[in-house]
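Structure first, commentary second.
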There are 2 protein chains.
Amino acid sequence: MTETDRARLYEELGVVSRRHLAAYVLFNQAVADHLGLHPTDVQCLSLMTAEPEPLTVKQIADMTGLTTGSATRLVDRLERGGYVTRTPDRQDRRRVLVTPVPERVARVGAVWDELGHGWQAILEDHTDAELRTIIQHMRRASALSHTQIERLRTMPRPD
Amino acid sequence: MTETDRARLYEELGVVSRRHLAAYVLFNQAVADHLGLHPTDVQCLSLMTAEPEPLTVKQIADMTGLTTGSATRLVDRLERGGYVTRTPDRQDRRRVLVTPVPERVARVGAVWDELGHGWQAILEDHTDAELRTIIQHMRRASALSHTQIERLRTMPRPD
DNA sequence: CATAGTTCGCTGCGTCGCGCAGCAATTTTT
DNA sequence: AAAAATTGCTGCGCGACGCAGCGAACTATG
């Protein structure tokens with residue numbers, strides 16, 4: 001019965017995904033507690049370091065799902081903590097570029113890196129092809145999420 | 001240079017993972033907005049439906065990372081919204097069992113299911129072996145997260 | 001059986017992140 | 001040049017959350 005096996009795999013992946021995401025949320029929370037800042041802040045730093053160039057406040061707002069007002073406050077906290085610096089954008093003087101402070105962000109990275117050791121062990125057990133499979137799946141899942149988010153926003157709310 | 005290719009894969013997976021998780025957070029937020037409740041509530045329902053048996057308030061607190069007090073309020077909100085019911089536990093009369101209300105939770109599930117259509121498309125492109133690879137990876141990543149969370153909690157805070 | 005210690009869930013209280021609305025400054029459009 | 005849109009910032013109020021403490025119930029020790 002490859003049919004039911006297949007269905008079982010789907011069901012399993014669903015459950016595992018939810019637990020996986022929950023585990024990440026908890027981990028993110030733990031990192032935030034450990035560093036004495038907020039989950040949103042850690043999330044923001046995590047996302048910023050995945051981008052090569054400095055971001056504007058508006059871009060940060062979009063990435064985190066916050067309003068521009070809240071994003072301003074978020075950057076305020078990060079700036080006060082010395083994690084980022086504000087720089088006016090010369091091209092568009094309305095904009096403010098937010099640049100991570102490498103040595104400060106490295107402290108956050110350090111926590112991730114210690115997790116990295118365990119990660120290495122996990123990754124090393126995978127072949128290149130398997131890694132590519134995982135990467136591709138996450139990419140597509142992310143893309144799907146964004147599509148669905150758009151759909152939800154343009155849909156009427158039940159009740 | 002398989003060496004650098006490998007390193008590139010690691011780097012890539014790291015970036016993709018962060019974006020993947022960010023996408024989930026945004027999606028969770030969008031679902032919450034759409035249903036008129038809070039991200040934490042949606043997260044909780046998502047986790048509850050992954051469990052076969054009713055949970056106690058304490059278990060919910062642990063799963064979500066909240067204090068028992070906040071978990072009580074969380075259950076209050078869910079109960080008021082008709083998503084769950086409280087039932088005293090006969091075995092241990094201190095405990096309160098929280099049971100999801102199927103038809104009400106189905107509304108949340110409906111949103112997930114519509115996402116599910118896109119998910120199907122993604123999943124169908126994978127072989128059984130690939131699915132197992134992904135499942136295994138997420139399992140191990142989750143386990144690692146929990147290990148690291150414990151480590152962080154028993155570690156002194158920097159500064 | 002009695003009693004101290006632990007666990008569970010609930011409740012005031014204060015904190016603070018967040019959305020909302022409005023604002024000035026700048027850019028873009030017509 | 002004027003109108004419209006965009007960007008980032010600031011009061012304001014809401015409400016989720018952690019914290020501390022409570023009573024009830026279970027468990028361990030004598």
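Numbering starts fresh at 1 for the residues of each chain in the structure tokens, the chains themselves are lettered A, B, ... in the order given, and ligands are numbered from 1 as they appear.
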
Taking the DSSP secondary structure from the backbone, can you list the residues of segment 88-153 of chain A that are strand (DSSP E or B), as an mmCIF file with C-alpha atoms, in the first residue's frame?
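Final output, saved to out-v2.cif:
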```
data_model
loop_
_atom_site.group_PDB
_atom_site.id
_atom_site.type_symbol
_atom_site.label_atom_id
_atom_site.label_comp_id
_atom_site.auth_asym_id
_atom_site.auth_seq_id
_atom_site.Cartn_x
_atom_site.Cartn_y
_atom_site.Cartn_z
ATOM 1 C CA PRO A 88 20.457 58.897 6.503
ATOM 2 C CA VAL A 96 17.015 55.946 7.062
ATOM 3 C CA LEU A 97 19.432 53.080 6.517
ATOM 4 C CA VAL A 98 19.817 50.655 9.390
ATOM 5 C CA THR A 99 23.230 48.996 9.494
ATOM 6 C CA PRO A 100 24.133 46.146 11.850
#
```

message: At a cut-off of 12 Å, which residues of chain D touch chain B? Count only C-alpha atoms (C1' of nucleotides) and give the answer as number ranges by chain.
response: D: 15-21, 23-27

Quick one: write out the picked residues with N, CA and C atoms (P, O5', C5', C4', C3', O3' and C1' of nucleotides) as a short mmCIF file (atom, residue, chain, number, x, y, z; two decimals), in the first residue's frame?
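Output contents, as saved in again.cif:
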```cif
data_model
loop_
_atom_site.label_atom_id
_atom_site.label_comp_id
_atom_site.auth_asym_id
_atom_site.auth_seq_id
_atom_site.Cartn_x
_atom_site.Cartn_y
_atom_site.Cartn_z
P DG D 15 -8.47 45.81 24.48
"O5'" DG D 15 -7.33 44.73 24.67
"C5'" DG D 15 -6.45 44.44 23.60
"C4'" DG D 15 -5.20 43.77 24.12
"C3'" DG D 15 -5.45 42.70 25.19
"O3'" DG D 15 -4.59 41.62 25.00
"C1'" DG D 15 -3.92 44.26 26.00
P DA D 16 -5.21 40.16 24.75
"O5'" DA D 16 -3.87 39.27 24.64
"C5'" DA D 16 -2.92 39.57 23.65
"C4'" DA D 16 -1.53 39.48 24.22
"C3'" DA D 16 -1.23 38.24 25.07
"O3'" DA D 16 0.02 37.70 24.69
"C1'" DA D 16 -0.70 40.19 26.30
P DC D 17 0.47 36.25 25.16
"O5'" DC D 17 1.49 36.52 26.34
"C5'" DC D 17 2.68 37.28 26.08
"C4'" DC D 17 3.26 37.82 27.36
"C3'" DC D 17 3.44 36.78 28.47
"O3'" DC D 17 4.77 36.31 28.46
"C1'" DC D 17 2.69 38.94 29.29
P DG D 18 5.22 35.18 29.51
"O5'" DG D 18 5.79 36.05 30.73
"C5'" DG D 18 6.82 37.01 30.49
"C4'" DG D 18 7.23 37.69 31.78
"C3'" DG D 18 7.59 36.73 32.92
"O3'" DG D 18 8.68 37.28 33.66
"C1'" DG D 18 5.73 38.05 33.56
P DC D 19 9.33 36.47 34.89
"O5'" DC D 19 8.62 37.08 36.18
"C5'" DC D 19 8.57 38.49 36.35
"C4'" DC D 19 7.82 38.84 37.62
"C3'" DC D 19 8.03 37.86 38.78
"O3'" DC D 19 8.43 38.58 39.94
"C1'" DC D 19 5.72 38.23 38.41
P DA D 20 9.05 37.80 41.22
"O5'" DA D 20 7.85 37.85 42.27
"C5'" DA D 20 7.18 39.09 42.49
"C4'" DA D 20 5.91 38.84 43.28
"C3'" DA D 20 6.05 37.80 44.39
"O3'" DA D 20 5.50 38.32 45.59
"C1'" DA D 20 4.23 37.25 43.00
P DG D 21 5.66 37.53 46.99
"O5'" DG D 21 4.18 37.02 47.28
"C5'" DG D 21 3.09 37.90 47.10
"C4'" DG D 21 1.79 37.12 46.97
"C3'" DG D 21 1.62 35.99 48.00
"O3'" DG D 21 0.44 36.19 48.75
"C1'" DG D 21 1.05 35.26 45.82
P DG D 23 -4.83 31.64 51.06
"O5'" DG D 23 -5.58 30.53 50.21
"C5'" DG D 23 -6.82 30.83 49.60
"C4'" DG D 23 -7.27 29.67 48.73
"C3'" DG D 23 -7.48 28.35 49.50
"O3'" DG D 23 -8.66 27.71 49.02
"C1'" DG D 23 -5.86 28.03 47.82
P DA D 24 -9.20 26.38 49.74
"O5'" DA D 24 -8.80 25.23 48.69
"C5'" DA D 24 -9.30 25.31 47.37
"C4'" DA D 24 -8.68 24.22 46.51
"C3'" DA D 24 -8.76 22.81 47.13
"O3'" DA D 24 -9.25 21.89 46.17
"C1'" DA D 24 -6.52 23.32 46.52
P DA D 25 -9.68 20.43 46.62
"O5'" DA D 25 -8.45 19.55 46.13
"C5'" DA D 25 -8.12 19.53 44.75
"C4'" DA D 25 -6.76 18.92 44.57
"C3'" DA D 25 -6.60 17.51 45.16
"O3'" DA D 25 -6.18 16.62 44.14
"C1'" DA D 25 -4.77 18.90 45.74
P DC D 26 -6.28 15.05 44.38
"O5'" DC D 26 -4.75 14.60 44.37
"C5'" DC D 26 -3.98 14.81 43.20
"C4'" DC D 26 -2.51 14.85 43.54
"C3'" DC D 26 -1.94 13.54 44.09
"O3'" DC D 26 -0.89 13.09 43.24
"C1'" DC D 26 -1.20 15.39 45.37
P DT D 27 -0.19 11.66 43.49
"O5'" DT D 27 1.07 12.01 44.38
"C5'" DT D 27 2.07 12.89 43.88
"C4'" DT D 27 3.20 13.02 44.89
"C3'" DT D 27 3.70 11.70 45.47
"O3'" DT D 27 5.11 11.63 45.36
"C1'" DT D 27 3.21 13.23 47.21
#
```

field: Interatomic distance (Å, one decimal) between atom CA of Ala32 of chain B and atom CA of Thr147 of chain A
entry: 16.1 Å

message: Could you work out which residues of chain A fall inside 8 Å of chain B? Count only C-alpha atoms, and format the result as a PyMOL selection string.
response: chain A and resi 6+9-10+12-13+15-24+26-27+29-31+34-36+43+46-47+50+63-65+115+118-119+122-123+128+130-135+137-142+144-146+148-149+152-153+156-158

With only C-alpha atoms (C1' of nucleotides) as the counted atoms, please give the residues lying no more than 12 Å from DG11 of chain D, apart from itself and same-chain residues fewer than 2 positions off, as a CSV table (one decimal) with all heavy atoms, in the first residue's frame.
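Below is the file result17.csv, written as the result:
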```csv
chain,number,residue,atom,x,y,z
A,69,GLY,N,5.5,52.5,12.5
A,69,GLY,CA,5.7,53.1,13.9
A,69,GLY,C,6.4,52.1,14.8
A,69,GLY,O,7.3,52.5,15.5
C,20,DC,P,-4.0,48.6,13.1
C,20,DC,OP1,-5.2,47.9,12.7
C,20,DC,OP2,-2.9,48.6,12.0
C,20,DC,O5',-4.3,50.0,13.6
C,20,DC,C5',-5.0,50.2,14.8
C,20,DC,C4',-5.2,51.7,15.1
C,20,DC,O4',-4.0,52.2,15.8
C,20,DC,C3',-5.3,52.6,13.8
C,20,DC,O3',-6.5,53.4,14.0
C,20,DC,C2',-4.0,53.4,13.8
C,20,DC,C1',-3.6,53.4,15.2
C,20,DC,N1,-2.1,53.6,15.4
C,20,DC,C2,-1.6,54.5,16.3
C,20,DC,O2,-2.4,55.2,16.9
C,20,DC,N3,-0.3,54.6,16.5
C,20,DC,C4,0.6,53.8,15.8
C,20,DC,N4,1.9,54.0,16.0
C,20,DC,C5,0.1,52.8,14.9
C,20,DC,C6,-1.3,52.7,14.8
C,21,DA,P,-7.1,54.2,12.8
C,21,DA,OP1,-8.6,54.1,12.9
C,21,DA,OP2,-6.4,53.7,11.5
C,21,DA,O5',-6.7,55.7,13.0
C,21,DA,C5',-6.8,56.3,14.3
C,21,DA,C4',-6.0,57.6,14.4
C,21,DA,O4',-4.6,57.3,14.6
C,21,DA,C3',-6.1,58.4,13.2
C,21,DA,O3',-6.4,59.8,13.5
C,21,DA,C2',-4.7,58.3,12.6
C,21,DA,C1',-3.8,58.1,13.8
C,21,DA,N9,-2.6,57.4,13.6
C,21,DA,C8,-2.4,56.3,12.7
C,21,DA,N7,-1.1,55.9,12.7
C,21,DA,C5,-0.5,56.8,13.6
C,21,DA,C6,0.9,56.8,14.0
C,21,DA,N6,1.8,56.0,13.6
C,21,DA,N1,1.2,57.8,14.9
C,21,DA,C2,0.2,58.6,15.3
C,21,DA,N3,-1.1,58.6,15.0
C,21,DA,C4,-1.3,57.7,14.1
C,22,DG,P,-6.8,60.9,12.4
C,22,DG,OP1,-8.0,61.6,12.9
C,22,DG,OP2,-6.7,60.2,11.1
C,22,DG,O5',-5.5,61.9,12.6
C,22,DG,C5',-5.1,62.3,13.9
C,22,DG,C4',-3.7,62.8,13.8
C,22,DG,O4',-2.7,61.7,13.6
C,22,DG,C3',-3.4,63.8,12.7
C,22,DG,O3',-2.9,65.0,13.2
C,22,DG,C2',-2.4,63.1,11.8
C,22,DG,C1',-1.7,62.1,12.8
C,22,DG,N9,-1.0,61.0,12.2
C,22,DG,C8,-1.5,60.1,11.3
C,22,DG,N7,-0.7,59.2,11.0
C,22,DG,C5,0.5,59.5,11.6
C,22,DG,C6,1.8,58.9,11.6
C,22,DG,O6,2.2,57.9,11.0
C,22,DG,N1,2.7,59.6,12.4
C,22,DG,C2,2.4,60.7,13.1
C,22,DG,N2,3.4,61.3,13.8
C,22,DG,N3,1.2,61.3,13.1
C,22,DG,C4,0.3,60.7,12.4
C,23,DC,P,-2.7,66.3,12.2
C,23,DC,OP1,-3.1,67.4,13.1
C,23,DC,OP2,-3.3,66.0,10.9
C,23,DC,O5',-1.1,66.4,12.0
C,23,DC,C5',-0.3,66.5,13.2
C,23,DC,C4',1.2,66.3,12.8
C,23,DC,O4',1.3,64.9,12.5
C,23,DC,C3',1.6,67.0,11.5
C,23,DC,O3',2.2,68.3,11.9
C,23,DC,C2',2.6,66.1,10.9
C,23,DC,C1',2.5,64.8,11.6
C,23,DC,N1,2.2,63.6,10.7
C,23,DC,C2,3.3,62.8,10.4
C,23,DC,O2,4.4,63.0,10.8
C,23,DC,N3,3.1,61.7,9.6
C,23,DC,C4,1.9,61.5,9.1
C,23,DC,N4,1.7,60.4,8.3
C,23,DC,C5,0.8,62.3,9.4
C,23,DC,C6,1.0,63.3,10.2
D,9,DC,P,12.9,56.9,12.3
D,9,DC,OP1,14.2,57.3,12.7
D,9,DC,OP2,12.4,55.5,12.4
D,9,DC,O5',11.8,57.9,13.0
D,9,DC,C5',12.1,59.3,12.9
D,9,DC,C4',10.9,60.0,13.6
D,9,DC,O4',9.7,59.8,12.9
D,9,DC,C3',10.7,59.6,15.1
D,9,DC,O3',10.8,60.7,15.9
D,9,DC,C2',9.3,59.1,15.1
D,9,DC,C1',8.6,59.7,13.8
D,9,DC,N1,7.6,58.8,13.2
D,9,DC,C2,6.3,59.2,13.2
D,9,DC,O2,6.0,60.3,13.8
D,9,DC,N3,5.3,58.4,12.7
D,9,DC,C4,5.7,57.3,12.1
D,9,DC,N4,4.7,56.5,11.5
D,9,DC,C5,7.1,56.8,12.0
D,9,DC,C6,8.0,57.6,12.6
D,13,DG,P,-5.2,58.4,26.1
D,13,DG,OP1,-6.5,59.1,26.4
D,13,DG,OP2,-4.1,58.3,27.1
D,13,DG,O5',-5.6,56.9,25.8
D,13,DG,C5',-6.4,56.6,24.6
D,13,DG,C4',-6.4,55.1,24.3
D,13,DG,O4',-5.1,54.7,23.8
D,13,DG,C3',-6.7,54.2,25.5
D,13,DG,O3',-7.7,53.3,25.2
D,13,DG,C2',-5.4,53.5,25.8
D,13,DG,C1',-4.7,53.5,24.4
D,13,DG,N9,-3.2,53.6,24.5
D,13,DG,C8,-2.5,54.4,25.3
D,13,DG,N7,-1.2,54.2,25.2
D,13,DG,C5,-1.1,53.2,24.2
D,13,DG,C6,0.1,52.6,23.7
D,13,DG,O6,1.3,52.8,23.9
D,13,DG,N1,-0.3,51.6,22.8
D,13,DG,C2,-1.6,51.3,22.4
D,13,DG,N2,-1.7,50.3,21.5
D,13,DG,N3,-2.7,51.8,22.9
D,13,DG,C4,-2.3,52.8,23.8
```

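All of the residues in chain C within 10 Å of chain A are DG17, DC18, DG19, DC20, DA25, DT26 and DT27 of chain C, where only C-alpha atoms (C1' of nucleotides) were counted.
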
Write to file, as a tab-separated table (two decimals), in the first residue's frame, the residues of the selection just made, with all heavy atoms.
```tsv
chain	number	residue	atom	x	y	z
C	17	DG	P	9.43	47.03	25.05
C	17	DG	OP1	10.57	46.34	25.66
C	17	DG	OP2	9.51	48.45	24.68
C	17	DG	O5'	8.96	46.20	23.77
C	17	DG	C5'	8.56	44.86	23.90
C	17	DG	C4'	7.29	44.61	23.10
C	17	DG	O4'	6.17	45.24	23.76
C	17	DG	C3'	7.31	45.13	21.67
C	17	DG	O3'	6.77	44.15	20.81
C	17	DG	C2'	6.43	46.38	21.74
C	17	DG	C1'	5.44	46.00	22.82
C	17	DG	N9	4.87	47.15	23.54
C	17	DG	C8	5.58	48.17	24.13
C	17	DG	N7	4.82	49.05	24.72
C	17	DG	C5	3.53	48.58	24.51
C	17	DG	C6	2.29	49.12	24.90
C	17	DG	O6	2.06	50.15	25.56
C	17	DG	N1	1.22	48.33	24.47
C	17	DG	C2	1.34	47.18	23.75
C	17	DG	N2	0.21	46.56	23.41
C	17	DG	N3	2.50	46.66	23.36
C	17	DG	C4	3.55	47.41	23.78
C	18	DC	P	6.92	44.29	19.22
C	18	DC	OP1	7.03	42.92	18.68
C	18	DC	OP2	7.99	45.27	18.97
C	18	DC	O5'	5.55	44.91	18.73
C	18	DC	C5'	4.35	44.17	18.93
C	18	DC	C4'	3.14	45.06	18.80
C	18	DC	O4'	3.15	46.03	19.87
C	18	DC	C3'	3.09	45.90	17.52
C	18	DC	O3'	2.31	45.23	16.54
C	18	DC	C2'	2.45	47.22	17.98
C	18	DC	C1'	2.28	47.07	19.49
C	18	DC	N1	2.63	48.29	20.27
C	18	DC	C2	1.64	49.03	20.90
C	18	DC	O2	0.47	48.65	20.79
C	18	DC	N3	1.97	50.13	21.61
C	18	DC	C4	3.25	50.50	21.70
C	18	DC	N4	3.55	51.59	22.41
C	18	DC	C5	4.29	49.76	21.07
C	18	DC	C6	3.95	48.67	20.36
C	19	DG	P	2.08	45.86	15.12
C	19	DG	OP1	1.88	44.76	14.16
C	19	DG	OP2	3.16	46.84	14.89
C	19	DG	O5'	0.71	46.65	15.28
C	19	DG	C5'	-0.46	45.95	15.71
C	19	DG	C4'	-1.65	46.90	15.79
C	19	DG	O4'	-1.42	47.89	16.82
C	19	DG	C3'	-1.94	47.69	14.51
C	19	DG	O3'	-3.36	47.80	14.34
C	19	DG	C2'	-1.28	49.04	14.77
C	19	DG	C1'	-1.43	49.20	16.28
C	19	DG	N9	-0.35	49.96	16.92
C	19	DG	C8	0.99	49.78	16.73
C	19	DG	N7	1.73	50.60	17.44
C	19	DG	C5	0.81	51.35	18.14
C	19	DG	C6	1.01	52.40	19.08
C	19	DG	O6	2.08	52.88	19.48
C	19	DG	N1	-0.19	52.90	19.55
C	19	DG	C2	-1.43	52.45	19.18
C	19	DG	N2	-2.47	53.06	19.73
C	19	DG	N3	-1.64	51.48	18.31
C	19	DG	C4	-0.47	50.97	17.83
C	20	DC	P	-3.96	48.55	13.06
C	20	DC	OP1	-5.23	47.87	12.74
C	20	DC	OP2	-2.90	48.63	12.05
C	20	DC	O5'	-4.28	50.04	13.55
C	20	DC	C5'	-5.02	50.22	14.76
C	20	DC	C4'	-5.15	51.71	15.07
C	20	DC	O4'	-3.96	52.16	15.75
C	20	DC	C3'	-5.31	52.59	13.84
C	20	DC	O3'	-6.45	53.43	14.00
C	20	DC	C2'	-4.02	53.41	13.78
C	20	DC	C1'	-3.58	53.42	15.24
C	20	DC	N1	-2.11	53.56	15.43
C	20	DC	C2	-1.63	54.53	16.30
C	20	DC	O2	-2.43	55.25	16.90
C	20	DC	N3	-0.29	54.65	16.48
C	20	DC	C4	0.55	53.84	15.82
C	20	DC	N4	1.86	53.98	16.02
C	20	DC	C5	0.07	52.84	14.92
C	20	DC	C6	-1.25	52.73	14.75
C	25	DA	P	9.01	70.31	8.50
C	25	DA	OP1	10.08	71.04	9.21
C	25	DA	OP2	8.01	71.04	7.69
C	25	DA	O5'	9.68	69.20	7.55
C	25	DA	C5'	10.55	68.23	8.13
C	25	DA	C4'	10.95	67.21	7.08
C	25	DA	O4'	9.81	66.37	6.76
C	25	DA	C3'	11.42	67.83	5.76
C	25	DA	O3'	12.67	67.27	5.40
C	25	DA	C2'	10.33	67.47	4.76
C	25	DA	C1'	9.75	66.19	5.36
C	25	DA	N9	8.35	65.95	5.01
C	25	DA	C8	7.29	66.81	5.16
C	25	DA	N7	6.14	66.31	4.76
C	25	DA	C5	6.47	65.04	4.30
C	25	DA	C6	5.69	64.00	3.75
C	25	DA	N6	4.38	64.11	3.55
C	25	DA	N1	6.32	62.86	3.40
C	25	DA	C2	7.65	62.77	3.61
C	25	DA	N3	8.48	63.68	4.12
C	25	DA	C4	7.82	64.80	4.46
C	26	DT	P	13.48	67.85	4.18
C	26	DT	OP1	14.91	67.70	4.51
C	26	DT	OP2	12.89	69.17	3.85
C	26	DT	O5'	13.13	66.84	2.98
C	26	DT	C5'	13.49	65.47	3.12
C	26	DT	C4'	12.78	64.65	2.07
C	26	DT	O4'	11.35	64.79	2.21
C	26	DT	C3'	13.08	65.02	0.61
C	26	DT	O3'	13.88	63.99	0.04
C	26	DT	C2'	11.71	65.13	-0.05
C	26	DT	C1'	10.79	64.46	0.96
C	26	DT	N1	9.39	64.95	0.95
C	26	DT	C2	8.41	64.10	0.51
C	26	DT	O2	8.63	62.97	0.13
C	26	DT	N3	7.14	64.62	0.53
C	26	DT	C4	6.77	65.89	0.93
C	26	DT	O4	5.61	66.26	0.90
C	26	DT	C5	7.85	66.73	1.38
C	26	DT	C7	7.57	68.12	1.84
C	26	DT	C6	9.10	66.22	1.36
C	27	DT	P	14.43	64.16	-1.44
C	27	DT	OP1	15.72	63.43	-1.49
C	27	DT	OP2	14.35	65.59	-1.82
C	27	DT	O5'	13.37	63.35	-2.32
C	27	DT	C5'	13.18	61.96	-2.08
C	27	DT	C4'	11.93	61.48	-2.80
C	27	DT	O4'	10.79	62.27	-2.36
C	27	DT	C3'	11.97	61.59	-4.33
C	27	DT	O3'	11.80	60.32	-4.90
C	27	DT	C2'	10.82	62.53	-4.67
C	27	DT	C1'	9.91	62.40	-3.45
C	27	DT	N1	9.05	63.57	-3.21
C	27	DT	C2	7.70	63.45	-3.33
C	27	DT	O2	7.15	62.41	-3.63
C	27	DT	N3	6.98	64.60	-3.06
C	27	DT	C4	7.49	65.83	-2.70
C	27	DT	O4	6.76	66.79	-2.50
C	27	DT	C5	8.92	65.90	-2.59
C	27	DT	C7	9.57	67.18	-2.20
C	27	DT	C6	9.63	64.78	-2.85
```

Spatial neighbours of DA4 of chain D, max dist 12 Å, only C-alpha atoms (C1' of nucleotides), sep filter under 5 positions, as a PyMOL selection string: chain C and resi 27-30

- request: Going by DSSP on the backbone, which bits of segment 4-110 of chain A are helix (DSSP H, G or I)? Write them as number ranges by chain, please.
  value: A: 4-35, 39-48, 57-64, 68-80, 102-110

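Of the residues under consideration (B:Thr72, B:Thr4, B:Thr85, B:Gln91), B:Thr72 shows the shortest atom-to-atom contact distance to DC10 of chain C when counting only C-alpha atoms (C1' of nucleotides).
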
- prompt: How far is it from atom CA of Arg80 of chain B to atom C1' of DC8 of chain C, in Å with one decimal?
  reply: 21.6 Å
